[in-house]
Amino acid sequence: GIQVWQPGNTWIREINQRLKKQALVCYVIPRPVAEVRSRLRLPMHFQIYPIKDQYSTHDGTSPYAIGFSQSALLLDTLAYGFKSKGGEVWIC
């Protein structure tokens with residue numbers, strides 16, 4: 001269900017078609033990337049990205065952070081603090 005939205009990009013339809021067919025492990029934390037980086041003490045080059053949903057498309061900051069592949073698995077290990085305090089995380 002993850003899609004890339006980038007107005008004006010002529011290749012975006014093909015990219016999203018490939019994403020639909022691709023098996024992809026991802027880990028979503030409903031917190032901004034800056035907060036996740038600071039709370040989990042992630043290095044600057046750790047592969048975690050901001051992501052928005054259909055309701056936050058026009059917001060200034062992204063309300064979610066997402067990691068893919070090996071980064072997602074490492075986030076699952078590190079994010080026990082979010083889960084233990086009643087926070088919500090999603091593994092897709």
# chains A, B, ... in the order shown; residues from 1 in each chain; ligands from 1

call {"tool": "closest_atom_pairs", "arguments": {"of": "stretch 34-86 of chain A", "to": "stretch 4-11 of chain A", "cutoff": "10 Å", "atoms": "only C-alpha atoms", "output": "tab-separated table"}}
result
residue	atom	partner	partner_atom	distance
A:Ile51	CA	A:Val4	CA	9.6
A:Lys52	CA	A:Trp5	CA	9.8
A:Thr57	CA	A:Trp5	CA	9.4

call {"tool": "write_last_selection", "arguments": {"atoms": "N, CA, C and O atoms", "output": "compact mmCIF listing (two decimals), in the first residue's frame"}}
result
# COMPACT_ATOMS: atom_id res chain seq x y z
N ILE A 51 7.64 10.03 6.18
CA ILE A 51 6.54 9.56 5.33
C ILE A 51 5.25 10.22 5.81
O ILE A 51 5.07 10.49 7.00
N LYS A 52 4.38 10.52 4.86
CA LYS A 52 3.10 11.15 5.17
C LYS A 52 1.97 10.26 4.69
O LYS A 52 2.14 9.45 3.79
N THR A 57 -0.58 15.28 3.95
CA THR A 57 0.15 15.60 2.73
C THR A 57 0.64 17.04 2.71
O THR A 57 1.75 17.32 2.28

call {"tool": "select_by_dssp", "arguments": {"residues": "chain A", "states": "strand (DSSP E)", "output": "JSON, numbers by chain"}}
result
{"A": [26, 27, 28, 29, 49, 50, 51, 64, 65, 66, 67, 68, 90, 91]}

call {"tool": "residues_around", "arguments": {"residues": "A:Leu73", "least_positions_apart": "6", "cutoff": "10 Å", "atoms": "only C-alpha atoms", "output": "PyMOL selection string"}}
result
chain A and resi 25-27+67+91

call {"tool": "select_by_dssp", "arguments": {"residues": "stretch 1-56 of chain A", "states": "helix (DSSP H, G or I)", "output": "PyMOL selection string"}}
result
chain A and resi 12-21+33-40

call {"tool": "residues_around", "arguments": {"residues": "A:Arg41", "least_positions_apart": "5", "cutoff": "12 Å", "atoms": "only C-alpha atoms", "output": "number ranges by chain"}}
result
A: 33-36, 46, 75, 78-79

call {"tool": "write_last_selection", "arguments": {"atoms": "N, CA and C atoms", "output": "short mmCIF file (atom, residue, chain, number, x, y, z; two decimals), in the first residue's frame"}}
result
data_model
loop_
_atom_site.label_atom_id
_atom_site.label_comp_id
_atom_site.auth_asym_id
_atom_site.auth_seq_id
_atom_site.Cartn_x
_atom_site.Cartn_y
_atom_site.Cartn_z
N VAL A 33 10.72 11.93 12.10
CA VAL A 33 12.06 11.35 11.97
C VAL A 33 13.03 11.94 12.99
N ALA A 34 12.99 13.25 13.19
CA ALA A 34 13.93 13.88 14.13
C ALA A 34 13.76 13.32 15.55
N GLU A 35 12.52 13.11 15.96
CA GLU A 35 12.26 12.55 17.29
C GLU A 35 12.77 11.11 17.38
N VAL A 36 12.52 10.32 16.35
CA VAL A 36 12.98 8.93 16.35
C VAL A 36 14.50 8.88 16.39
N PHE A 46 21.88 6.81 9.19
CA PHE A 46 20.97 5.69 9.31
C PHE A 46 19.82 5.89 8.35
N LEU A 75 15.37 -1.20 13.45
CA LEU A 75 14.40 -0.34 14.14
C LEU A 75 13.50 -1.16 15.05
N LEU A 78 15.44 -1.74 18.18
CA LEU A 78 15.70 -0.55 18.98
C LEU A 78 14.44 0.12 19.52
N ALA A 79 13.32 -0.06 18.87
CA ALA A 79 12.11 0.70 19.20
C ALA A 79 11.28 0.09 20.31
#
